[in-house]
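Structure file model-v7.tsv with TSV, C-alpha atoms and all ligand atoms:
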```tsv
chain	number	residue	atom	x	y	z
A	290	MET	CA	43.84	143.25	16.51
A	291	ALA	CA	47.02	143.91	14.55
A	292	ARG	CA	48.15	147.46	14.41
A	293	ILE	CA	48.68	148.80	10.88
A	294	LYS	CA	51.59	151.22	10.53
A	295	TYR	CA	52.00	153.92	7.85
A	296	TYR	CA	54.77	156.14	6.66
A	297	TYR	CA	54.73	159.42	4.63
A	298	ASP	CA	56.17	158.94	1.17
A	299	THR	CA	57.67	162.29	0.00
A	300	GLU	CA	57.73	161.15	-3.58
A	301	THR	CA	54.15	160.19	-3.83
A	302	CYS	CA	53.07	162.68	-1.15
A	303	LYS	CA	50.92	159.98	0.35
A	304	TYR	CA	50.80	157.86	3.43
A	305	GLU	CA	51.87	154.45	2.43
A	306	ARG	CA	51.33	151.31	4.42
A	307	ILE	CA	54.48	149.74	5.92
A	308	LYS	CA	54.92	146.23	4.81
A	309	VAL	CA	56.42	143.99	7.60
A	310	SER	CA	58.06	140.83	6.35
A	311	LYS	CA	58.30	137.56	8.36
A	312	TRP	CA	62.06	138.04	8.44
A	313	ASP	CA	61.64	141.37	10.16
A	314	ILE	CA	59.42	139.78	12.79
A	315	PHE	CA	61.96	137.02	13.40
A	316	LEU	CA	64.82	139.51	13.75
A	317	ASN	CA	62.82	141.61	16.18
A	318	SER	CA	61.91	138.61	18.32
A	319	LEU	CA	65.52	137.41	18.37
A	320	GLY	CA	66.66	140.85	19.57
A	321	ILE	CA	64.12	140.92	22.38
A	322	PHE	CA	65.01	137.38	23.43
A	323	THR	CA	68.76	138.10	23.50
A	324	LEU	CA	68.22	141.25	25.52
A	325	SER	CA	66.04	139.37	28.02
A	326	LEU	CA	68.65	136.66	28.36
A	327	ILE	CA	71.46	139.15	29.04
A	328	LEU	CA	69.26	140.91	31.58
A	329	ALA	CA	68.41	137.65	33.33
A	330	ILE	CA	72.07	136.64	33.59
A	331	LEU	CA	72.92	140.08	34.92
A	332	ILE	CA	70.19	139.90	37.59
A	333	LEU	CA	71.30	136.39	38.63
A	334	PHE	CA	74.94	137.51	38.92
A	335	VAL	CA	74.10	140.57	41.00
A	336	SER	CA	71.75	138.68	43.30
A	337	SER	CA	74.20	135.82	43.91
A	338	THR	CA	77.03	138.25	44.62
A	339	TYR	CA	75.31	140.85	46.71
A	340	LEU	CA	72.20	139.13	48.05
A	341	GLU	CA	71.86	135.94	50.20
A	342	SER	CA	69.43	133.10	50.04
A	343	PRO	CA	67.19	132.65	53.12
A	344	GLN	CA	69.03	129.39	54.05
A	345	VAL	CA	72.45	131.04	53.97
A	346	SER	CA	71.35	133.93	56.16
A	347	LEU	CA	69.72	131.47	58.58
A	348	LEU	CA	72.95	129.45	58.85
A	349	LYS	CA	74.98	132.59	59.36
A	350	LYS	CA	72.64	133.67	62.15
A	351	GLU	CA	72.95	130.23	63.78
A	352	ASN	CA	76.74	130.44	63.51
A	353	GLN	CA	76.74	133.80	65.22
A	354	GLU	CA	74.61	132.42	68.04
A	355	LEU	CA	76.87	129.37	68.42
A	356	LEU	CA	79.90	131.64	68.67
A	357	ILE	CA	78.24	133.54	71.49
A	358	TYR	CA	77.44	130.27	73.28
A	359	TYR	CA	81.02	129.02	72.90
A	360	GLU	CA	82.45	132.24	74.26
A	361	ASP	CA	79.96	132.01	77.14
A	362	MET	CA	81.04	128.41	77.82
A	363	GLN	CA	84.69	129.44	77.87
A	364	GLN	CA	83.91	132.11	80.42
A	365	ASP	CA	82.06	129.54	82.58
A	366	LEU	CA	84.99	127.14	82.30
A	367	ARG	CA	87.45	129.80	83.38
A	368	GLN	CA	85.22	130.56	86.37
A	369	MET	CA	85.07	126.86	87.32
A	370	ASP	CA	88.84	126.62	87.02
A	371	GLY	CA	89.12	129.56	89.41
A	372	MET	CA	86.86	127.86	91.95
A	373	LEU	CA	88.88	124.66	91.65
A	374	THR	CA	92.10	126.60	92.23
A	375	ALA	CA	90.60	127.97	95.45
A	376	LEU	CA	89.77	124.41	96.54
A	377	GLN	CA	93.32	123.29	95.75
A	378	GLU	CA	94.75	126.12	97.85
A	379	ARG	CA	92.46	125.22	100.74
A	380	ASP	CA	93.51	121.61	100.34
A	381	ASP	CA	97.25	122.40	100.38
A	382	ASN	CA	97.16	125.11	103.03
A	383	ILE	CA	94.58	123.80	105.47
A	384	TYR	CA	93.70	120.12	105.27
A	385	ARG	CA	97.16	118.87	104.38
A	386	VAL	CA	98.70	121.10	107.04
A	387	ILE	CA	96.32	119.71	109.68
A	388	PHE	CA	97.32	116.17	108.80
A	389	GLU	CA	101.00	117.06	108.38
A	390	ALA	CA	100.99	115.80	104.80
A	391	ASP	CA	103.02	117.27	101.92
A	392	PRO	CA	101.04	119.39	99.48
A	393	ILE	CA	100.43	117.88	96.06
A	394	PRO	CA	103.31	119.11	93.83
A	395	SER	CA	102.19	121.68	91.30
A	396	THR	CA	103.81	119.58	88.56
A	397	VAL	CA	101.25	116.86	89.29
A	398	ARG	CA	98.37	119.31	89.46
A	399	GLN	CA	99.38	121.05	86.24
A	400	ALA	CA	100.20	117.85	84.32
A	401	GLY	CA	98.69	117.74	80.84
A	402	VAL	CA	96.01	115.33	79.74
A	403	GLY	CA	98.55	113.43	77.61
A	404	GLY	CA	98.09	110.88	74.86
A	405	THR	CA	97.88	111.45	71.14
A	406	ASP	CA	96.42	114.56	69.59
A	407	ARG	CA	92.89	114.34	70.93
A	408	TYR	CA	91.70	117.12	68.68
A	409	LYS	CA	93.06	115.68	65.40
A	410	ALA	CA	89.59	115.07	63.95
A	411	LEU	CA	88.60	118.62	64.75
A	412	ARG	CA	91.74	120.05	63.19
A	413	GLU	CA	91.07	118.12	60.01
A	414	GLY	CA	87.39	119.07	60.03
A	415	LYS	CA	88.10	122.48	58.45
A	416	LEU	CA	85.65	124.26	60.71
A	417	GLU	CA	85.29	127.99	60.36
A	418	ARG	CA	86.12	128.56	64.07
A	419	GLU	CA	87.93	125.32	64.95
A	420	ASP	CA	90.31	127.22	67.26
A	421	LEU	CA	87.40	128.22	69.50
A	422	VAL	CA	85.95	124.70	69.58
A	423	ILE	CA	89.38	123.12	70.26
A	424	SER	CA	90.27	125.56	73.02
A	425	THR	CA	86.90	124.89	74.66
A	426	TYR	CA	87.56	121.15	74.58
A	427	GLU	CA	91.06	121.78	75.97
A	428	GLU	CA	89.62	123.82	78.82
A	429	ILE	CA	87.14	121.03	79.62
A	430	ASP	CA	89.87	118.36	79.58
A	431	LYS	CA	92.13	120.45	81.81
A	432	LEU	CA	89.29	120.98	84.24
A	433	LYS	CA	88.44	117.27	84.28
A	434	LYS	CA	92.06	116.39	85.06
A	435	HIS	CA	92.27	118.95	87.87
A	436	MET	CA	88.98	117.76	89.34
A	437	TYR	CA	90.21	114.16	89.27
A	438	ILE	CA	93.41	115.06	91.15
A	439	GLN	CA	91.37	117.10	93.63
A	440	THR	CA	88.93	114.25	94.36
A	441	LYS	CA	91.90	111.87	94.80
A	442	SER	CA	93.40	114.33	97.25
A	443	TYR	CA	90.16	114.46	99.23
A	444	ASP	CA	90.20	110.64	99.34
A	445	ASP	CA	93.70	110.86	100.84
A	446	ILE	CA	92.55	113.45	103.37
A	447	LEU	CA	89.59	111.30	104.35
A	448	GLN	CA	91.97	108.38	104.89
A	449	MET	CA	94.31	110.62	106.90
A	450	ALA	CA	91.37	111.81	109.00
A	451	LYS	CA	90.44	108.19	109.71
A	452	ASN	CA	94.07	107.39	110.57
A	453	LYS	CA	94.24	110.52	112.70
A	454	THR	CA	91.26	109.34	114.74
A	455	ALA	CA	92.95	105.97	115.26
A	456	MET	CA	96.23	107.72	116.05
A	457	LEU	CA	94.61	110.06	118.58
A	458	ALA	CA	92.97	107.08	120.26
A	459	SER	CA	96.33	105.32	120.46
A	460	ILE	CA	98.72	108.01	121.65
A	461	PRO	CA	98.95	107.93	125.48
A	462	SER	CA	97.02	110.90	126.84
A	463	ILE	CA	95.67	110.12	130.34
A	464	GLN	CA	97.17	109.31	133.74
A	465	PRO	CA	97.52	105.58	134.46
A	466	ILE	CA	95.55	105.74	137.72
A	467	GLN	CA	92.64	107.84	138.90
A	468	ASN	CA	94.08	111.07	140.29
A	469	LYS	CA	91.11	113.35	140.92
A	470	ASP	CA	92.66	115.45	143.69
A	471	LEU	CA	96.11	115.37	142.03
A	472	LYS	CA	97.63	113.94	145.22
A	473	ARG	CA	98.86	110.77	143.54
A	474	LEU	CA	101.75	112.16	141.51
A	475	ALA	CA	104.61	111.55	143.94
A	476	SER	CA	107.67	111.98	141.78
A	477	GLY	CA	108.42	113.18	138.29
A	478	TYR	CA	110.69	112.50	135.35
A	479	GLY	CA	114.38	113.49	135.57
A	480	MET	CA	117.37	113.01	137.84
A	481	ARG	CA	116.08	111.63	141.18
A	482	MET	CA	117.51	109.95	144.23
A	483	HIS	CA	116.55	106.26	144.15
A	484	PRO	CA	114.99	105.29	147.53
A	485	LEU	CA	116.58	101.85	147.68
A	486	LEU	CA	119.76	102.23	145.61
A	487	LYS	CA	120.52	105.48	147.46
A	488	TYR	CA	122.08	107.38	144.60
A	489	THR	CA	120.85	109.92	142.08
A	490	ARG	CA	120.05	108.49	138.70
A	491	MET	CA	117.77	109.11	135.74
A	492	HIS	CA	114.17	108.50	136.72
A	493	ALA	CA	112.63	107.66	133.34
A	494	GLY	CA	108.98	107.97	134.41
A	495	CYS	CA	106.45	109.35	136.89
A	496	ASP	CA	105.54	107.67	140.17
A	497	PHE	CA	101.87	107.59	141.18
A	498	SER	CA	101.52	106.74	144.84
A	499	ALA	CA	98.33	104.75	145.58
A	500	PRO	CA	97.06	101.99	147.85
A	501	GLN	CA	97.84	98.41	146.94
A	502	GLY	CA	95.22	97.07	144.50
A	503	THR	CA	94.28	100.43	142.93
A	504	PRO	CA	93.38	99.77	139.25
A	505	ILE	CA	95.92	100.84	136.61
A	506	PHE	CA	94.59	101.92	133.20
A	507	ALA	CA	95.97	101.62	129.67
A	508	THR	CA	96.65	105.25	128.68
A	509	GLY	CA	95.94	104.67	124.98
A	510	ASN	CA	94.73	101.96	122.59
A	511	GLY	CA	97.30	99.32	121.78
A	512	LYS	CA	98.56	95.78	122.20
A	513	VAL	CA	100.07	94.28	125.35
A	514	GLU	CA	103.64	93.55	124.34
A	515	ARG	CA	104.87	92.28	127.69
A	516	ALA	CA	103.25	91.29	131.00
A	517	ARG	CA	106.06	89.75	133.02
A	518	PHE	CA	107.92	89.90	136.30
A	519	SER	CA	111.50	91.12	136.66
A	520	SER	CA	113.50	91.55	139.85
A	521	THR	CA	113.96	95.30	139.30
A	522	SER	CA	110.66	96.34	137.62
A	523	GLY	CA	108.50	93.81	139.45
A	524	ASN	CA	105.32	92.93	137.57
A	525	MET	CA	105.53	95.12	134.48
A	526	VAL	CA	103.19	95.65	131.53
A	527	THR	CA	104.43	97.17	128.26
A	528	ILE	CA	101.85	98.36	125.74
A	529	ASP	CA	102.73	99.00	122.08
A	530	HIS	CA	100.46	101.82	120.87
A	531	GLY	CA	101.85	102.02	117.33
A	532	TYR	CA	102.96	105.32	115.74
A	533	GLY	CA	106.26	104.91	117.64
A	534	TYR	CA	104.65	104.99	121.12
A	535	GLU	CA	105.09	102.53	124.01
A	536	THR	CA	104.07	102.78	127.66
A	537	LYS	CA	105.39	100.83	130.67
A	538	TYR	CA	103.68	100.24	134.04
A	539	LEU	CA	105.92	98.86	136.81
A	540	HIS	CA	105.72	97.32	140.30
A	541	MET	CA	102.15	95.91	139.87
A	542	SER	CA	100.71	93.59	142.46
A	543	LYS	CA	98.70	91.72	139.83
A	544	PHE	CA	98.20	91.64	136.04
A	545	ALA	CA	94.75	92.09	134.48
A	546	VAL	CA	95.92	91.39	130.88
A	547	LYS	CA	97.91	88.82	128.96
A	548	GLU	CA	100.67	89.32	126.40
A	549	GLY	CA	99.25	89.83	122.88
A	550	GLN	CA	95.95	91.22	124.15
A	551	GLN	CA	94.43	94.32	122.50
A	552	VAL	CA	93.50	97.05	124.95
A	553	LYS	CA	91.65	100.33	124.75
A	554	ARG	CA	92.38	103.54	126.63
A	555	GLY	CA	90.93	103.25	130.12
A	556	ASP	CA	90.97	99.43	130.24
A	557	VAL	CA	92.27	98.02	133.54
A	558	ILE	CA	95.58	96.29	132.82
A	559	GLY	CA	96.71	95.57	136.40
A	560	TYR	CA	96.76	96.75	140.02
A	561	VAL	CA	99.11	98.92	142.07
A	562	GLY	CA	101.68	96.95	144.02
A	563	ASN	CA	105.11	97.06	145.57
A	564	THR	CA	106.98	94.43	143.52
A	565	GLY	CA	110.58	94.84	142.28
A	566	LEU	CA	112.77	97.73	143.43
A	567	SER	CA	109.99	99.74	145.09
A	568	LYS	CA	109.85	101.58	148.39
A	569	ALA	CA	106.04	101.72	148.74
A	570	PRO	CA	102.97	100.73	146.72
A	571	HIS	CA	102.97	102.91	143.56
A	572	CYS	CA	102.75	102.80	139.80
A	573	HIS	CA	105.94	103.80	137.99
A	574	TYR	CA	104.75	104.92	134.56
A	575	GLU	CA	106.94	105.47	131.48
A	576	VAL	CA	106.19	106.80	127.98
A	577	TRP	CA	108.53	105.88	125.13
A	578	LYS	CA	108.60	107.55	121.72
A	579	ASP	CA	110.74	106.03	118.97
A	580	ASN	CA	112.63	103.85	121.51
A	581	GLN	CA	113.46	106.84	123.70
A	582	HIS	CA	111.86	107.53	127.08
A	583	VAL	CA	110.15	110.94	127.29
A	584	ASN	CA	108.53	112.94	130.09
A	585	PRO	CA	105.10	111.33	130.74
A	586	VAL	CA	103.73	114.62	132.12
A	587	ASN	CA	103.43	115.80	128.50
A	588	TYR	CA	100.97	112.97	127.86
A	589	PHE	CA	98.34	113.68	130.54
A	590	TYR	CA	96.39	116.26	128.57
A	591	ASN	CA	93.17	114.33	127.96
A	592	ASP	CA	91.70	114.00	131.43
A	593	VAL	CA	92.78	117.24	133.15
A	594	THR	CA	91.83	120.90	132.97
A	595	ASP	CA	94.43	123.57	132.18
A	596	GLU	CA	94.76	124.45	135.87
A	597	GLU	CA	95.13	120.79	136.88
A	598	TYR	CA	97.72	120.32	134.20
A	599	ASP	CA	99.73	123.29	135.52
A	600	LYS	CA	99.55	121.74	139.00
A	601	LEU	CA	100.71	118.36	137.64
A	602	LEU	CA	103.65	120.04	135.88
A	603	GLU	CA	104.61	121.69	139.17
A	604	LEU	CA	104.32	118.42	141.10
A	605	ALA	CA	106.33	116.50	138.52
A	606	SER	CA	109.18	119.00	138.61
A	607	ARG	CA	109.79	118.72	142.37
A	608	GLU	CA	113.26	117.39	142.93
A	609	ASN	CA	112.26	114.82	145.53
A	610	GLU	CA	113.19	111.19	145.98
A	611	SER	CA	111.45	108.70	143.68
A	612	LEU	CA	109.51	105.70	144.91
A	613	GLY	CA	111.39	103.36	142.65
A	701	ZN	ZN	109.61	105.43	139.54
```

Would you put the structure from the file into structure tokens?
Ligand SMILES: [Zn+2]
Amino acid sequence: MARIKYYYDTETCKYERIKVSKWDIFLNSLGIFTLSLILAILILFVSSTYLESPQVSLLKKENQELLIYYEDMQQDLRQMDGMLTALQERDDNIYRVIFEADPIPSTVRQAGVGGTDRYKALREGKLEREDLVISTYEEIDKLKKHMYIQTKSYDDILQMAKNKTAMLASIPSIQPIQNKDLKRLASGYGMRMHPLLKYTRMHAGCDFSAPQGTPIFATGNGKVERARFSSTSGNMVTIDHGYGYETKYLHMSKFAVKEGQQVKRGDVIGYVGNTGLSKAPHCHYEVWKDNQHVNPVNYFYNDVTDEEYDKLLELASRENESLG
């Protein structure tokens, strides 16, 4: 129902009906439309500037969470690096010291990952927080490198431990004949009067007095280098133990090994005799290190107690005549 509008005409003193033309209606409509349009644009501008769409706020929230995770990861990585450093210190200060190996130089441990710029793609990716992502990757790479060096070092240590076992089995460390009551050690290493030559000269070994035919043992693992007779040493066996060690057993009555034969500590290599320049049946035993004879008494530690060892030291230092 159309509303009819009136106005008061002062000339006619009557209410007259307002006549609305089609033009008026058009102009009115145009005004309302324009106003609506301006309002709409204004609302759109304000909302896009000051308000966010649900997707944008969701992404922002996700970004925030990712940042927290990255920072968390970096903290974890730093912790792992700390643990690895502790392992490295243990490696350098304990294991490598035990096996008398040089520590791994810090320049090797701290060496970079190398190669071309591994993070080029990331740098060009124009990420909002590329620095955080790159530094996390860098931390991971550093850690991987350190872990690799550390595992290599443990491989070395394992190898050294294996070698050490072989070395310990090879280095002479027992007496060449059974000497339970310690009565066998007749003469020690040092200047001694020779019983047959009748002058004082360097006695380069220890003499173990024992009945003819008493078994003589290899004092460490090794290879029989010589098993021959000489007019001075009599029947003599030389064992090459490796690691710079050699042992010699003189004046045997009989050999129990051949040249070139591998022997283990405790194997019978011959029997006590009185061959060569010898006054009575005994085993003259020598230990050589790096082509230099050394005092054999320092190599009897494996089969004696501390007290027995003290007694042996005392017996070996007596300035008596040797047996040959
Ligand atoms: Zn001797």

Close residues, Asn580 in chain A itself excluded, 9 Å, all atoms listed in the file, min 6 positions apart in chain, as a ChimeraX atom specification
/A:533-535

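Selection around (90.4, 110.3, 143.9) with radius 12 Å, counting only C-alpha atoms, yields the residues Ile466, Gln467, Asn468, Lys469, Asp470, Leu471, Lys472, Arg473, Leu474, Ser498, Ala499, Pro500, Thr503 and Pro504 of chain A.
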
Within 6 Å of ligand ZN 701 (chain A), which residues show up when you count only C-alpha atoms and all ligand atoms? List them as a ChimeraX atom specification, please.
/A:494-496,573,611-613

Using all atoms listed in the file, which residues sit within 7 Å of range 601-607 of chain A once same-chain residues fewer than 5 positions away are excluded, as an mmCIF file with C-alpha atoms, in the coordinates of the input?
```cif
data_model
loop_
_atom_site.group_PDB
_atom_site.id
_atom_site.type_symbol
_atom_site.label_atom_id
_atom_site.label_comp_id
_atom_site.auth_asym_id
_atom_site.auth_seq_id
_atom_site.Cartn_x
_atom_site.Cartn_y
_atom_site.Cartn_z
ATOM 1 C CA LEU A 474 101.750 112.160 141.510
ATOM 2 C CA SER A 476 107.670 111.980 141.780
ATOM 3 C CA GLY A 477 108.420 113.180 138.290
ATOM 4 C CA TYR A 478 110.690 112.500 135.350
ATOM 5 C CA VAL A 586 103.730 114.620 132.120
#
```

At a cut-off of 8 Å, using only C-alpha atoms, what residues contact range 305-307 of chain A? Leave out same-chain residues fewer than 6 positions from it and give the result as number ranges by chain.
A: 293-298

Counting all atoms listed in the file, the residue of A:Asn609, A:Ser336, A:Gln501, A:Thr527 that sits nearest Met482 in chain A
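Smallest distance to Met482 in chain A is found for A:Asn609.
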
Hey, what's within 9 Å of Glu428 in chain A if we count only C-alpha atoms and toss same-chain stuff fewer than 6 positions away? As a VMD selection string, please?
chain A and resid 363 366 to 367 370

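Atom to atom, CA of Leu324 in chain A and CA of Ser337 in chain A stand 20.1 Å apart.
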
Contact residues around Met372 in chain A with only C-alpha atoms at 12 Å, ignoring same-chain residues under 5 positions, as a PDB file with C-alpha atoms, in the frame of the given file:
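Writing done, so here's result-v9.pdb:
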```pdb
ATOM      1  CA  ASP A 365      82.060 129.540  82.580  1.00  0.00           C
ATOM      2  CA  LEU A 366      84.990 127.140  82.300  1.00  0.00           C
ATOM      3  CA  ARG A 367      87.450 129.800  83.380  1.00  0.00           C
ATOM      4  CA  GLN A 377      93.320 123.290  95.750  1.00  0.00           C
ATOM      5  CA  GLU A 378      94.750 126.120  97.850  1.00  0.00           C
ATOM      6  CA  ARG A 379      92.460 125.220 100.740  1.00  0.00           C
ATOM      7  CA  LEU A 432      89.290 120.980  84.240  1.00  0.00           C
ATOM      8  CA  HIS A 435      92.270 118.950  87.870  1.00  0.00           C
ATOM      9  CA  MET A 436      88.980 117.760  89.340  1.00  0.00           C
ATOM     10  CA  GLN A 439      91.370 117.100  93.630  1.00  0.00           C
TER      11      GLN A 439
END
```

Complete the atoms of range 370-380 of chain A to all heavy atoms and put them out as an mmCIF file, keeping the file's coordinate frame.
```
data_model
loop_
_atom_site.group_PDB
_atom_site.id
_atom_site.type_symbol
_atom_site.label_atom_id
_atom_site.label_comp_id
_atom_site.auth_asym_id
_atom_site.auth_seq_id
_atom_site.Cartn_x
_atom_site.Cartn_y
_atom_site.Cartn_z
ATOM 1 N N ASP A 370 87.429 126.860 86.756
ATOM 2 C CA ASP A 370 88.840 126.620 87.020
ATOM 3 C C ASP A 370 89.302 127.463 88.210
ATOM 4 O O ASP A 370 90.068 126.990 89.050
ATOM 5 C CB ASP A 370 89.653 126.960 85.764
ATOM 6 C CG ASP A 370 90.958 126.190 85.735
ATOM 7 O OD1 ASP A 370 90.932 124.987 86.093
ATOM 8 O OD2 ASP A 370 91.989 126.777 85.374
ATOM 9 N N GLY A 371 88.793 128.682 88.285
ATOM 10 C CA GLY A 371 89.120 129.560 89.410
ATOM 11 C C GLY A 371 88.645 128.987 90.725
ATOM 12 O O GLY A 371 89.364 128.995 91.720
ATOM 13 N N MET A 372 87.415 128.447 90.722
ATOM 14 C CA MET A 372 86.860 127.860 91.950
ATOM 15 C C MET A 372 87.693 126.645 92.368
ATOM 16 O O MET A 372 87.978 126.439 93.544
ATOM 17 C CB MET A 372 85.407 127.440 91.720
ATOM 18 C CG MET A 372 84.474 128.625 91.605
ATOM 19 S SD MET A 372 82.754 128.132 91.683
ATOM 20 C CE MET A 372 82.459 127.568 90.048
ATOM 21 N N LEU A 373 88.088 125.852 91.364
ATOM 22 C CA LEU A 373 88.880 124.660 91.650
ATOM 23 C C LEU A 373 90.240 125.046 92.240
ATOM 24 O O LEU A 373 90.733 124.389 93.172
ATOM 25 C CB LEU A 373 89.058 123.852 90.361
ATOM 26 C CG LEU A 373 89.583 122.437 90.522
ATOM 27 C CD1 LEU A 373 88.686 121.635 91.449
ATOM 28 C CD2 LEU A 373 89.666 121.748 89.175
ATOM 29 N N THR A 374 90.819 126.124 91.707
ATOM 30 C CA THR A 374 92.100 126.600 92.230
ATOM 31 C C THR A 374 91.956 126.970 93.708
ATOM 32 O O THR A 374 92.818 126.650 94.525
ATOM 33 C CB THR A 374 92.595 127.808 91.418
ATOM 34 O OG1 THR A 374 92.647 127.431 90.050
ATOM 35 C CG2 THR A 374 93.981 128.242 91.862
ATOM 36 N N ALA A 375 90.835 127.605 94.052
ATOM 37 C CA ALA A 375 90.600 127.970 95.450
ATOM 38 C C ALA A 375 90.518 126.721 96.321
ATOM 39 O O ALA A 375 91.066 126.673 97.425
ATOM 40 C CB ALA A 375 89.307 128.777 95.565
ATOM 41 N N LEU A 376 89.861 125.677 95.797
ATOM 42 C CA LEU A 376 89.770 124.410 96.540
ATOM 43 C C LEU A 376 91.152 123.796 96.734
ATOM 44 O O LEU A 376 91.466 123.276 97.799
ATOM 45 C CB LEU A 376 88.884 123.410 95.788
ATOM 46 C CG LEU A 376 87.377 123.625 95.893
ATOM 47 C CD1 LEU A 376 86.643 122.596 95.054
ATOM 48 C CD2 LEU A 376 86.926 123.498 97.344
ATOM 49 N N GLN A 377 91.963 123.856 95.667
ATOM 50 C CA GLN A 377 93.320 123.290 95.750
ATOM 51 C C GLN A 377 94.124 124.011 96.828
ATOM 52 O O GLN A 377 94.850 123.389 97.600
ATOM 53 C CB GLN A 377 94.033 123.435 94.406
ATOM 54 C CG GLN A 377 93.501 122.479 93.362
ATOM 55 C CD GLN A 377 94.007 122.819 91.977
ATOM 56 O OE1 GLN A 377 94.676 123.818 91.759
ATOM 57 N NE2 GLN A 377 93.673 121.976 91.026
ATOM 58 N N GLU A 378 94.000 125.348 96.860
ATOM 59 C CA GLU A 378 94.750 126.120 97.850
ATOM 60 C C GLU A 378 94.315 125.750 99.262
ATOM 61 O O GLU A 378 95.121 125.593 100.170
ATOM 62 C CB GLU A 378 94.555 127.618 97.612
ATOM 63 C CG GLU A 378 95.414 128.117 96.472
ATOM 64 C CD GLU A 378 95.079 129.540 96.062
ATOM 65 O OE1 GLU A 378 94.281 130.200 96.768
ATOM 66 O OE2 GLU A 378 95.615 129.957 95.039
ATOM 67 N N ARG A 379 92.989 125.610 99.434
ATOM 68 C CA ARG A 379 92.460 125.220 100.740
ATOM 69 C C ARG A 379 92.998 123.840 101.122
ATOM 70 O O ARG A 379 93.371 123.591 102.261
ATOM 71 C CB ARG A 379 90.932 125.177 100.642
ATOM 72 C CG ARG A 379 90.256 125.454 101.942
ATOM 73 C CD ARG A 379 88.804 125.751 101.739
ATOM 74 N NE ARG A 379 88.595 126.965 100.960
ATOM 75 C CZ ARG A 379 87.398 127.395 100.607
ATOM 76 N NH1 ARG A 379 86.332 126.715 100.929
ATOM 77 N NH2 ARG A 379 87.268 128.505 99.915
ATOM 78 N N ASP A 380 93.030 122.969 100.143
ATOM 79 C CA ASP A 380 93.510 121.610 100.340
ATOM 80 C C ASP A 380 94.963 121.611 100.812
ATOM 81 O O ASP A 380 95.314 121.009 101.831
ATOM 82 C CB ASP A 380 93.378 120.867 99.001
ATOM 83 C CG ASP A 380 93.821 119.438 99.079
ATOM 84 O OD1 ASP A 380 93.848 118.908 100.203
ATOM 85 O OD2 ASP A 380 94.122 118.848 98.048
#
```
